[in-house]
Amino acid sequence: DDPICHHWPAFAKQGKEAIAIADLMRHSAGMAYFIDPEDPENKFKLLTPNDIIARTPMHELIENSPPQKFGQGRRTYHFLARGMVIDGLLKHVDPTGRTIGQFASDEILKPLGIEDSYFVSLPSEDAAKASSVAKLCPSHPAYTMSFILGPAMMGVGASDLGFLLQFLNPGTVAARCQLGITGYKEDDPQGTGTYMNTDDAPARVAEVTSGWSFASARALTKVLAVFTNGGASNGRQIISEETAKKALDDMVFELDELSSLSCEFSQGGLGNIHSLMKTFGFVPDDTVAAHDGWVGWFGYGGSLNYAHVEKKITMSYTITGMGIRAPDPRGLVIMKAVAEVLERGSSQ
């Protein structure tokens, strides 16, 4: 419940004094993208990888940016920005002022023995390891036609298509959240650079936890397992049992202005996957039921990272071929199969 400005005083500027840490973790802080307060039209402000790497330009922009207000709800999915605000918070509360990537490496990845399979960024000293990181590739046209355009033309999944089309209109909330933060080209004032270009070296160096991290599925499951094992994973106590429990507490159900979907998020930032699946009109009932009891989140391109606290199970899926649908059909099939296995196990 602490206001962020309790730890980071300058964050209180532009009417942000009441925004709490839990608001940020639930995507309800109104910081989905950053606004230049000196611009009379309140246009969103681009950040380059160099701004992110230097930290100070990024933190100053966050401090001076007023919060956004959309519609009647408070939640606007912080597409890429949440980790940037956490980085600013860490600079003020961590005794050595580590970046979010340094903190994650020291406190989580190295203790779990996954520092060679989970990278928040890929700086030059990790260049030798980068050869093991697969390059992302866009969706094949046949995939797009089969799973998106074809069904939409037949009236199936049309709302899903509408959500995707928002990203093509620079004036929409979705486009601002995607491009208004990290136009990665220094000479790209219109923001035509996209966060998806994570195969470029400048993008790989910047610490953008919500969109430019690299990990294997096995590494992801070891991180999320702290919530199913009382704060421990892989034989190491990463956080206290109390903290692991509190991170899952106080689920709040809200409408998200970016996606027009509703779901629950905990004060630690984990989503109730079942509550989200129920809002997708195109997901079959048995597939929706397969997500009951799971928390975590999925990636826009198709990855997913889920934990079932009651059954003490974590399950992750990572991709190299980027999907353009959320939730991705591959993840839905996997979750249905997992549910069938659990059902067979419980009946024996």
# chains A, B, ... in the order shown; residues from 1 in each chain; ligands from 1
>>> residues_around(residues="A:Ile100", least_positions_apart="4", cutoff="12 Å", atoms="only C-alpha atoms", output="PyMOL selection string")
chain A and resi 52-53+55+82-94+96+104-108+119-121+206-210+213
>>> write_last_selection(atoms="N, CA, C and O atoms", output="short mmCIF file (atom, residue, chain, number, x, y, z; two decimals), in the first residue's frame")
data_model
loop_
_atom_site.label_atom_id
_atom_site.label_comp_id
_atom_site.auth_asym_id
_atom_site.auth_seq_id
_atom_site.Cartn_x
_atom_site.Cartn_y
_atom_site.Cartn_z
N ILE A 52 17.21 4.32 -21.74
CA ILE A 52 16.95 3.27 -20.76
C ILE A 52 18.24 2.82 -20.09
O ILE A 52 18.31 2.63 -18.87
N ILE A 53 19.29 2.65 -20.91
CA ILE A 53 20.58 2.22 -20.37
C ILE A 53 21.16 3.26 -19.42
O ILE A 53 21.69 2.93 -18.36
N ARG A 55 19.50 5.36 -17.65
CA ARG A 55 18.58 5.39 -16.51
C ARG A 55 18.08 6.79 -16.17
O ARG A 55 16.88 7.01 -16.06
N ARG A 82 5.98 -0.99 -16.96
CA ARG A 82 5.96 -1.33 -15.54
C ARG A 82 7.37 -1.56 -14.99
O ARG A 82 7.73 -1.05 -13.93
N GLY A 83 8.18 -2.30 -15.72
CA GLY A 83 9.54 -2.57 -15.27
C GLY A 83 10.39 -1.31 -15.20
O GLY A 83 11.32 -1.22 -14.38
N MET A 84 10.09 -0.32 -16.05
CA MET A 84 10.85 0.93 -16.04
C MET A 84 10.59 1.71 -14.76
O MET A 84 11.51 2.29 -14.17
N VAL A 85 9.33 1.71 -14.33
CA VAL A 85 9.00 2.40 -13.07
C VAL A 85 9.61 1.64 -11.89
O VAL A 85 10.13 2.25 -10.94
N ILE A 86 9.56 0.32 -11.93
CA ILE A 86 10.18 -0.49 -10.87
C ILE A 86 11.68 -0.22 -10.81
O ILE A 86 12.28 -0.15 -9.72
N ASP A 87 12.31 -0.03 -11.96
CA ASP A 87 13.73 0.29 -11.99
C ASP A 87 14.01 1.59 -11.23
O ASP A 87 14.97 1.69 -10.47
N GLY A 88 13.15 2.60 -11.44
CA GLY A 88 13.31 3.85 -10.72
C GLY A 88 13.11 3.68 -9.23
O GLY A 88 13.80 4.31 -8.41
N LEU A 89 12.17 2.83 -8.86
CA LEU A 89 11.93 2.56 -7.44
C LEU A 89 13.13 1.85 -6.82
O LEU A 89 13.56 2.18 -5.71
N LEU A 90 13.67 0.89 -7.55
CA LEU A 90 14.84 0.16 -7.06
C LEU A 90 16.03 1.08 -6.82
O LEU A 90 16.79 0.90 -5.85
N LYS A 91 16.20 2.06 -7.69
CA LYS A 91 17.34 2.98 -7.54
C LYS A 91 17.30 3.68 -6.20
O LYS A 91 18.35 4.04 -5.64
N HIS A 92 16.08 3.84 -5.64
CA HIS A 92 15.93 4.57 -4.38
C HIS A 92 15.87 3.65 -3.16
O HIS A 92 16.15 4.09 -2.05
N VAL A 93 15.49 2.39 -3.33
CA VAL A 93 15.34 1.52 -2.15
C VAL A 93 16.46 0.49 -2.02
O VAL A 93 16.71 0.00 -0.92
N ASP A 94 17.12 0.17 -3.12
CA ASP A 94 18.21 -0.80 -3.05
C ASP A 94 19.46 -0.10 -2.53
O ASP A 94 19.83 0.96 -3.05
N THR A 96 22.53 -0.43 -2.99
CA THR A 96 23.56 -0.14 -3.99
C THR A 96 22.98 0.44 -5.27
O THR A 96 23.73 0.65 -6.24
N ALA A 104 17.68 -8.56 -10.41
CA ALA A 104 17.14 -9.88 -10.75
C ALA A 104 18.25 -10.91 -10.87
O ALA A 104 18.12 -12.05 -10.39
N SER A 105 19.37 -10.53 -11.47
CA SER A 105 20.48 -11.45 -11.64
C SER A 105 21.07 -11.87 -10.30
O SER A 105 21.27 -13.05 -10.03
N ASP A 106 21.32 -10.89 -9.42
CA ASP A 106 21.95 -11.16 -8.13
C ASP A 106 21.05 -11.92 -7.17
O ASP A 106 21.50 -12.82 -6.45
N GLU A 107 19.76 -11.53 -7.13
CA GLU A 107 18.87 -12.03 -6.09
C GLU A 107 18.02 -13.23 -6.52
O GLU A 107 17.47 -13.93 -5.67
N ILE A 108 17.88 -13.43 -7.83
CA ILE A 108 16.98 -14.48 -8.30
C ILE A 108 17.67 -15.46 -9.25
O ILE A 108 17.71 -16.66 -9.01
N PHE A 119 17.93 -14.01 -19.37
CA PHE A 119 18.64 -12.74 -19.51
C PHE A 119 17.62 -11.60 -19.51
O PHE A 119 16.73 -11.56 -20.35
N VAL A 120 17.76 -10.67 -18.58
CA VAL A 120 16.94 -9.46 -18.62
C VAL A 120 17.40 -8.58 -19.77
O VAL A 120 16.62 -7.88 -20.40
N SER A 121 18.70 -8.61 -20.05
CA SER A 121 19.26 -7.93 -21.22
C SER A 121 20.50 -8.72 -21.63
O SER A 121 20.94 -9.63 -20.94
N ALA A 206 19.29 -2.92 -23.74
CA ALA A 206 18.40 -2.18 -22.84
C ALA A 206 17.59 -3.14 -21.98
O ALA A 206 17.16 -4.20 -22.44
N GLU A 207 17.40 -2.77 -20.71
CA GLU A 207 16.62 -3.59 -19.78
C GLU A 207 15.15 -3.21 -19.86
O GLU A 207 14.70 -2.27 -19.22
N VAL A 208 14.40 -3.94 -20.67
CA VAL A 208 12.96 -3.75 -20.79
C VAL A 208 12.33 -5.07 -20.41
O VAL A 208 12.11 -5.95 -21.24
N THR A 209 12.04 -5.24 -19.13
CA THR A 209 11.65 -6.55 -18.62
C THR A 209 10.35 -7.07 -19.21
O THR A 209 10.16 -8.28 -19.30
N SER A 210 9.46 -6.18 -19.62
CA SER A 210 8.15 -6.62 -20.09
C SER A 210 8.14 -7.02 -21.55
O SER A 210 7.13 -7.53 -22.03
N SER A 213 13.11 -9.33 -22.58
CA SER A 213 13.86 -10.33 -21.83
C SER A 213 13.92 -11.63 -22.63
O SER A 213 13.11 -11.86 -23.53
#
>>> select_by_dssp(residues="stretch 181-306 of chain A", states="strand (DSSP E)", output="list in words")
Phe214, Ala215, Ala232, Ser233, Arg236, Gln237, Val252, Phe253, Glu254, Leu255, Ser262, Cys263, Glu264, Phe265, Gly271, Asn272, Trp294, Val295, Gly296, Trp297, Phe298, Leu304, Asn305 and Tyr306 of chain A
>>> residues_around(residues="A:Leu224", least_positions_apart="2", cutoff="9 Å", atoms="only C-alpha atoms", output="mmCIF file with N, CA, C and O atoms, in the first residue's frame")
data_model
loop_
_atom_site.group_PDB
_atom_site.id
_atom_site.type_symbol
_atom_site.label_atom_id
_atom_site.label_comp_id
_atom_site.auth_asym_id
_atom_site.auth_seq_id
_atom_site.Cartn_x
_atom_site.Cartn_y
_atom_site.Cartn_z
ATOM 1 N N ALA A 219 13.708 -22.124 -17.294
ATOM 2 C CA ALA A 219 14.126 -21.046 -16.399
ATOM 3 C C ALA A 219 12.914 -20.284 -15.865
ATOM 4 O O ALA A 219 12.858 -19.921 -14.685
ATOM 5 N N LEU A 220 11.936 -20.038 -16.725
ATOM 6 C CA LEU A 220 10.734 -19.336 -16.288
ATOM 7 C C LEU A 220 9.998 -20.098 -15.194
ATOM 8 O O LEU A 220 9.525 -19.508 -14.218
ATOM 9 N N THR A 221 9.904 -21.414 -15.349
ATOM 10 C CA THR A 221 9.181 -22.196 -14.343
ATOM 11 C C THR A 221 9.892 -22.146 -12.995
ATOM 12 O O THR A 221 9.242 -22.126 -11.948
ATOM 13 N N LYS A 222 11.215 -22.098 -13.003
ATOM 14 C CA LYS A 222 11.951 -22.038 -11.741
ATOM 15 C C LYS A 222 11.712 -20.723 -11.015
ATOM 16 O O LYS A 222 11.677 -20.680 -9.785
ATOM 17 N N VAL A 226 8.526 -20.037 -7.021
ATOM 18 C CA VAL A 226 8.597 -19.465 -5.670
ATOM 19 C C VAL A 226 7.195 -19.240 -5.105
ATOM 20 O O VAL A 226 7.004 -19.239 -3.879
ATOM 21 N N PHE A 227 6.209 -19.067 -5.977
ATOM 22 C CA PHE A 227 4.838 -18.817 -5.508
ATOM 23 C C PHE A 227 4.087 -20.108 -5.204
ATOM 24 O O PHE A 227 3.018 -20.078 -4.592
ATOM 25 N N THR A 228 4.604 -21.240 -5.649
ATOM 26 C CA THR A 228 3.959 -22.514 -5.346
ATOM 27 C C THR A 228 4.680 -23.270 -4.240
ATOM 28 O O THR A 228 4.197 -24.297 -3.783
ATOM 29 N N SER A 233 12.613 -22.219 -4.434
ATOM 30 C CA SER A 233 12.643 -22.881 -5.735
ATOM 31 C C SER A 233 14.033 -23.450 -5.947
ATOM 32 O O SER A 233 15.030 -22.839 -5.551
ATOM 33 N N GLY A 296 -0.542 -15.986 -13.157
ATOM 34 C CA GLY A 296 0.660 -15.669 -13.920
ATOM 35 C C GLY A 296 0.310 -14.717 -15.036
ATOM 36 O O GLY A 296 -0.475 -13.796 -14.849
ATOM 37 N N ASN A 305 3.442 -18.225 -18.824
ATOM 38 C CA ASN A 305 4.151 -18.555 -17.586
ATOM 39 C C ASN A 305 3.117 -18.612 -16.468
ATOM 40 O O ASN A 305 2.692 -17.578 -15.953
ATOM 41 N N TYR A 306 2.686 -19.827 -16.099
ATOM 42 C CA TYR A 306 1.567 -20.011 -15.182
ATOM 43 C C TYR A 306 1.980 -20.828 -13.962
ATOM 44 O O TYR A 306 2.854 -21.690 -14.030
ATOM 45 N N ALA A 307 1.312 -20.557 -12.855
ATOM 46 C CA ALA A 307 1.509 -21.330 -11.632
ATOM 47 C C ALA A 307 0.153 -21.729 -11.063
ATOM 48 O O ALA A 307 -0.790 -20.929 -11.071
ATOM 49 N N THR A 314 4.096 -25.443 -11.810
ATOM 50 C CA THR A 314 4.340 -24.303 -12.702
ATOM 51 C C THR A 314 4.507 -24.835 -14.114
ATOM 52 O O THR A 314 4.991 -25.944 -14.328
ATOM 53 N N MET A 315 4.082 -24.035 -15.083
ATOM 54 C CA MET A 315 4.119 -24.467 -16.472
ATOM 55 C C MET A 315 4.423 -23.253 -17.352
ATOM 56 O O MET A 315 3.780 -22.219 -17.227
#
>>> closest_residue(among="A:Thr99, A:Asn234, A:Ser65, A:Asn272", to="A:Gly113", atoms="only C-alpha atoms")
A:Asn234
